[in-house]
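Novice: Input structure: upload_2.cif, which contains mmCIF, C-alpha atoms.
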data_upload
loop_
_atom_site.label_atom_id
_atom_site.label_comp_id
_atom_site.auth_asym_id
_atom_site.auth_seq_id
_atom_site.Cartn_x
_atom_site.Cartn_y
_atom_site.Cartn_z
CA TRP A 85 -7.75 2.45 10.29
CA GLU A 86 -6.88 -0.80 12.06
CA LEU A 87 -3.65 -1.88 10.46
CA THR A 88 -4.54 -5.57 10.61
CA ARG A 89 -7.51 -4.78 8.34
CA ALA A 90 -5.50 -2.87 5.75
CA THR A 91 -6.69 -5.05 2.89
CA ALA A 92 -10.10 -3.38 3.14
CA SER A 93 -8.42 -0.31 1.63
CA ARG A 94 -7.60 -2.10 -1.61
CA SER A 95 -10.98 -1.14 -3.02
CA LEU A 96 -9.99 2.52 -2.61
CA VAL A 97 -6.98 2.18 -4.93
CA GLN A 98 -9.39 2.89 -7.79
CA ASN A 99 -9.23 6.54 -6.70
CA LEU A 100 -5.51 6.62 -7.52
CA THR A 101 -3.77 6.66 -10.89
CA GLY A 102 -0.45 5.76 -12.45
CA ASN A 103 2.58 4.75 -10.45
CA VAL A 104 0.98 5.72 -7.12
CA ALA A 105 -1.92 3.34 -7.75
CA ARG A 106 0.47 0.53 -8.67
CA GLN A 107 2.72 1.14 -5.69
CA VAL A 108 -0.12 1.35 -3.14
CA ASP A 109 -1.81 -1.73 -4.59
CA SER A 110 1.48 -3.64 -4.53
CA VAL A 111 2.04 -2.80 -0.85
CA LEU A 112 -1.51 -3.79 0.07
CA GLN A 113 -1.24 -7.05 -1.90
CA HIS A 114 2.02 -7.87 -0.13
CA PHE A 115 0.36 -7.15 3.21
CA GLU A 116 -2.58 -9.41 2.33
CA LYS A 117 -0.46 -12.32 1.06
CA ILE A 118 2.48 -12.23 3.46
CA THR A 119 2.52 -9.73 6.30
CA VAL A 120 -0.93 -10.28 7.81
CA LYS A 121 -0.15 -13.96 8.41
CA LYS A 122 2.85 -13.02 10.55
CA LEU A 123 0.85 -10.70 12.81
CA GLU A 124 -1.27 -13.22 14.71
CA HIS A 125 1.76 -14.66 16.52
CA LEU A 126 3.14 -11.30 17.64
CA ARG A 127 2.75 -9.67 21.03
CA HIS A 128 -0.60 -7.83 21.21
CA SER A 129 -1.77 -4.93 23.35
CA VAL A 130 -4.24 -2.10 23.44
CA ILE A 131 -2.76 0.59 21.20
CA HIS A 132 -3.64 4.23 20.58
CA ASN A 133 -3.67 3.53 16.83
CA ASP A 134 -3.25 7.17 15.74
CA ALA A 135 -0.06 8.61 17.22
CA ASN A 136 0.54 11.57 14.92
CA ASP A 137 1.62 15.20 15.23
CA TYR A 138 -1.90 16.33 16.03
CA ASN A 139 -2.46 13.79 18.81
CA VAL A 140 0.82 14.02 20.72
CA LEU A 141 1.35 16.48 23.57
CA VAL A 142 4.91 17.77 23.76
CA ASN A 143 6.50 19.66 26.62
CA PHE A 144 10.03 20.94 27.11
CA SER A 145 12.44 19.71 29.76
CA LYS A 146 14.54 22.06 31.89
CA ASN A 147 17.40 21.72 29.42
CA GLY A 148 15.13 22.60 26.48
CA ASP A 149 14.64 19.12 25.00
CA ALA A 150 11.22 18.35 23.56
CA VAL A 151 9.62 15.50 25.51
CA VAL A 152 6.42 13.64 24.72
CA ASP A 153 4.09 14.34 27.61
CA GLY A 154 1.06 12.37 26.49
CA LEU A 155 -1.45 11.46 23.83
CA PHE A 156 -5.04 12.43 23.24
CA ASP A 157 -7.84 11.53 20.80
CA PHE A 158 -8.54 7.97 21.85
CA GLY A 159 -11.23 7.34 19.23
CA ASP A 160 -9.14 4.82 17.31
CA ILE A 161 -7.95 2.70 20.26
CA THR A 162 -7.88 -0.98 19.43
CA TYR A 163 -6.32 -4.31 20.39
CA GLN A 164 -3.61 -5.03 17.80
CA PRO A 165 -0.06 -6.31 17.55
CA THR A 166 2.04 -3.92 19.63
CA ILE A 167 4.38 -3.28 16.70
CA CYS A 168 1.46 -1.67 14.85
CA GLU A 169 1.68 1.27 17.25
CA VAL A 170 5.34 1.72 16.34
CA ALA A 171 4.61 1.43 12.61
CA ILE A 172 1.79 3.96 12.77
CA ALA A 173 3.92 6.50 14.64
CA LEU A 174 6.77 6.00 12.18
CA ALA A 175 4.45 6.30 9.19
CA TYR A 176 3.64 9.82 10.37
CA LEU A 177 7.19 10.68 11.44
CA VAL A 178 8.73 9.92 8.03
CA LEU A 179 6.45 12.37 6.24
CA ASN A 180 8.32 15.35 4.78
CA LYS A 181 11.69 13.81 5.63
CA ASP A 182 14.51 13.38 3.10
CA ASP A 183 15.99 10.46 5.03
CA PRO A 184 13.16 8.42 6.58
CA PHE A 185 15.48 5.78 7.98
CA THR A 186 17.35 8.28 10.16
CA VAL A 187 14.00 9.25 11.67
CA CYS A 188 13.12 5.58 12.19
CA VAL A 189 16.42 4.86 13.92
CA ARG A 190 16.09 7.81 16.31
CA PHE A 191 12.54 6.84 17.24
CA LEU A 192 13.41 3.15 17.67
CA GLU A 193 16.36 3.97 19.92
CA GLY A 194 14.08 5.75 22.36
CA TYR A 195 11.14 3.38 22.07
CA ASN A 196 13.26 0.26 22.45
CA GLU A 197 14.88 1.68 25.58
CA ILE A 198 11.47 1.76 27.30
CA ASN A 199 9.67 -1.10 25.57
CA PRO A 200 12.20 -3.51 24.01
CA LEU A 201 11.17 -4.79 20.61
CA ARG A 202 11.58 -8.39 19.51
CA GLY A 203 13.06 -9.77 16.33
CA ASP A 204 9.74 -11.08 15.01
CA GLU A 205 8.26 -7.59 15.46
CA LEU A 206 11.14 -5.89 13.67
CA ALA A 207 10.80 -8.41 10.82
CA VAL A 208 7.42 -6.90 9.88
CA LEU A 209 8.00 -3.27 10.85
CA TYR A 210 9.03 -2.03 7.38
CA ASP A 211 6.02 -3.73 5.79
CA LEU A 212 3.70 -2.23 8.40
CA ILE A 213 5.07 1.29 7.88
CA MET A 214 4.62 0.90 4.12
CA THR A 215 1.13 -0.48 4.68
CA ARG A 216 0.02 2.35 6.96
CA ILE A 217 1.27 4.95 4.49
CA SER A 218 -0.52 3.14 1.66
CA VAL A 219 -3.77 2.98 3.64
CA SER A 220 -3.46 6.69 4.40
CA ILE A 221 -2.98 7.49 0.71
CA ALA A 222 -5.92 5.33 -0.31
CA ILE A 223 -8.29 6.76 2.31
CA ALA A 224 -7.22 10.38 1.73
CA SER A 225 -7.67 10.01 -2.03
CA ALA A 226 -11.17 8.58 -1.55
CA ARG A 227 -12.03 11.39 0.84
CA ARG A 228 -10.58 13.95 -1.56
CA ARG A 229 -12.75 12.53 -4.33
CA ASN A 230 -15.84 12.93 -2.14
CA ASN A 231 -14.84 16.36 -0.78
CA PRO A 232 -12.26 18.02 -3.05
CA SER A 233 -12.01 21.19 -0.94
CA ALA A 234 -11.10 19.45 2.34
CA LEU A 235 -7.70 20.82 3.26
CA TYR A 236 -6.54 17.84 5.36
CA ASN A 237 -7.20 15.28 2.62
CA ASN A 238 -5.41 17.36 0.02
CA SER A 239 -2.41 18.21 2.20
CA SER A 240 -1.74 14.69 3.42
CA ILE A 241 -1.46 12.82 0.12
CA ASP A 242 1.69 14.33 -1.41
CA PRO A 243 3.94 13.87 1.66
CA ALA A 244 2.67 10.29 2.02
CA VAL A 245 3.34 9.51 -1.65
CA ASP A 246 6.85 10.96 -1.32
CA ALA A 247 7.55 8.95 1.85
CA LEU A 248 6.28 5.75 0.26
CA SER A 249 8.56 6.30 -2.74
CA LEU A 250 11.59 7.02 -0.57
CA LEU A 251 11.01 3.93 1.58
CA ALA A 252 10.36 1.75 -1.48
CA ASN A 253 13.88 2.55 -2.73
CA HIS A 254 15.20 0.27 0.02
CA SER A 255 14.76 -3.43 0.48
CA PRO A 256 12.70 -4.82 3.34
CA ARG A 257 15.73 -6.89 4.37
CA MET A 258 17.96 -3.81 4.58
CA ALA A 259 15.32 -2.08 6.70
CA GLU A 260 14.99 -5.10 9.00
CA CYS A 261 18.77 -5.30 9.47
CA LEU A 262 18.92 -1.60 10.30
CA PHE A 263 16.03 -1.92 12.77
CA ARG A 264 17.56 -5.00 14.40
CA GLN A 265 20.94 -3.28 14.72
CA THR A 266 19.27 -0.21 16.23
CA CYS A 267 17.55 -2.41 18.82
CA SER A 268 20.76 -4.35 19.55
CA LEU A 269 19.50 -7.61 18.07
CA ASP A 270 21.61 -9.89 15.88
CA THR A 271 21.23 -9.27 12.18
#
What does this structure look like when you write it as structure tokens?

Specialist:
Amino acid sequence: WELTRATASRSLVQNLTGNVARQVDSVLQHFEKITVKKLEHLRHSVIHNDANDYNVLVNFSKNGDAVVDGLFDFGDITYQPTICEVAIALAYLVLNKDDPFTVCVRFLEGYNEINPLRGDELAVLYDLIMTRISVSIAIASARRRNNPSALYNNSSIDPAVDALSLLANHSPRMAECLFRQTCSLDT
């Protein structure tokens, strides 16, 4: 699950077929050839590595707004580029959304206010989101093959495939410009 080791999931693409297999393999190849080389020079930190709906505690403020209160399930904690934490959270947040970029912008506005992101981090964010979704598809499909009745593996693939397709309809450069604008950095 460590995003910097995403290429290990390429062997699992054999569990996929058709356009999904091609798309996931293409994302993982791009990560292996281009993205991973950019990661070593980025800011690193200890990250949760699995910020998803099931691991986030939410409370409500006095005015009724949902507020993240904390995280749990620290089994995947690792030392990675800090932007990987953002990409992982966004990979989960865009699932089942018709407009994934609106979700990304809203999240980045709040995150950047507390922990300002840098241009070199935003330059790889789109690729990292795509990579995490691709890894999730590859792992879930392998798990589904080994245990076809497992509800989680079966329920997570379709939303991930849909999100990957929606995101792939946009260029990485467009995504980077949007992310940079959201974080008040020059485009």

Novice: Which residues are near Thr215 of chain A? Cut-off 7 Å, only C-alpha atoms, ignore same chain within fewer than 5 positions. Put them as a list in words.

Specialist: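 Selected residues are Val111, Leu112 and Phe115 of chain A.
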
Novice: Exactly which residues make up the result of the PyMOL selection byres ((chain A and resi 93) around 8) on this file, given as a list in words?

Specialist: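 Output of the PyMOL selection byres ((chain A and resi 93) around 8): Ala90, Thr91, Ala92, Arg94, Ser95, Leu96, Val97, Leu112, Val219, Ala222 and Ile223 of chain A.
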
Novice: Those residues with C-alpha atoms, as a compact mmCIF listing (two decimals), in the frame of the given file please?

Specialist:
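Final output, result.txt:
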# COMPACT_ATOMS: atom_id res chain seq x y z
CA ALA A 90 -5.50 -2.87 5.75
CA THR A 91 -6.69 -5.05 2.89
CA ALA A 92 -10.10 -3.38 3.14
CA ARG A 94 -7.60 -2.10 -1.61
CA SER A 95 -10.98 -1.14 -3.02
CA LEU A 96 -9.99 2.52 -2.61
CA VAL A 97 -6.98 2.18 -4.93
CA LEU A 112 -1.51 -3.79 0.07
CA VAL A 219 -3.77 2.98 3.64
CA ALA A 222 -5.92 5.33 -0.31
CA ILE A 223 -8.29 6.76 2.31

Novice: How many Å separate atom CA of Ala105 of chain A from atom CA of Phe263 of chain A?

Specialist: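 That distance, rounded to one decimal, is 27.8 Å.
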
Novice: Selection in question (the file shown): the PyMOL selection byres ((chain A and resi 122-125) around 8). Which residues does it include, as a PyMOL selection string?

Specialist: chain A and resi 88+118-121+126-127+165+208

Novice: Quick one: distance from atom CA of Leu201 of chain A to atom CA of Val151 of chain A in Å, one decimal?

Specialist: 20.9 Å

Novice: Decode the PyMOL selection byres ((chain A and resi 182) around 12) for the given file into explicit residues and return them as a ChimeraX atom specification.

Specialist: /A:177-181,183-187,243,246-251

Novice: One number please: atom CA of Gly194 of chain A to atom CA of Lys146 of chain A, in Å, one decimal.

Specialist: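 Going from atom CA of Gly194 of chain A over to atom CA of Lys146 of chain A, I get 18.9 Å.
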
Novice: Find the residues around segment 100-102 of chain A up to 10 Å (all atoms listed in the file counted), leave out those fewer than 2 positions away in its own chain, and share them as a list in words.

Specialist: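 Residues meeting the cut-off are Leu96, Val97, Gln98, Val104, Ala105, Arg106, Gln107, Val108, Asp109, Ile221, Ala222, Ser225, Ala226 and Arg229 of chain A.
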
Novice: Could you please take those selected residues and save C-alpha atoms as a PDB file, keeping the file's coordinate frame?

Specialist:
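The resulting out_15.pdb:
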ATOM      1  CA  LEU A  96      -9.990   2.520  -2.610  1.00  0.00           C
ATOM      2  CA  VAL A  97      -6.980   2.180  -4.930  1.00  0.00           C
ATOM      3  CA  GLN A  98      -9.390   2.890  -7.790  1.00  0.00           C
ATOM      4  CA  VAL A 104       0.980   5.720  -7.120  1.00  0.00           C
ATOM      5  CA  ALA A 105      -1.920   3.340  -7.750  1.00  0.00           C
ATOM      6  CA  ARG A 106       0.470   0.530  -8.670  1.00  0.00           C
ATOM      7  CA  GLN A 107       2.720   1.140  -5.690  1.00  0.00           C
ATOM      8  CA  VAL A 108      -0.120   1.350  -3.140  1.00  0.00           C
ATOM      9  CA  ASP A 109      -1.810  -1.730  -4.590  1.00  0.00           C
ATOM     10  CA  ILE A 221      -2.980   7.490   0.710  1.00  0.00           C
ATOM     11  CA  ALA A 222      -5.920   5.330  -0.310  1.00  0.00           C
ATOM     12  CA  SER A 225      -7.670  10.010  -2.030  1.00  0.00           C
ATOM     13  CA  ALA A 226     -11.170   8.580  -1.550  1.00  0.00           C
ATOM     14  CA  ARG A 229     -12.750  12.530  -4.330  1.00  0.00           C
TER      15      ARG A 229
END

Novice: Within 12 Å of (4.9, 6.9, 11.8) (coordinates as in the file), grab all the protein and nucleic acid residues, counting only C-alpha atoms, and write them out as a PyMOL selection string.

Specialist: chain A and resi 133-137+167-181+184-185+187-189+191-192+209-210+212-217+220+244+247-248

Novice: Segment 251-254 of chain A, all listed atoms, 3 Å padding on each side: what axis-aligned box centre and edge lengths in Å to one decimal come out, as lines of an AutoDock Vina configuration file?

Specialist:
center_x = 12.8
center_y = 2.1
center_z = -0.6
size_x = 10.8
size_y = 9.7
size_z = 10.3

Novice: Calculated over all atoms listed in the file, which of the candidates A:Arg89, A:Arg228, A:Arg202, A:Arg257 has the smallest distance to Leu269 of chain A?

Specialist: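 Between A:Arg89, A:Arg228, A:Arg202, A:Arg257, the residue approaching Leu269 of chain A most closely is A:Arg202.
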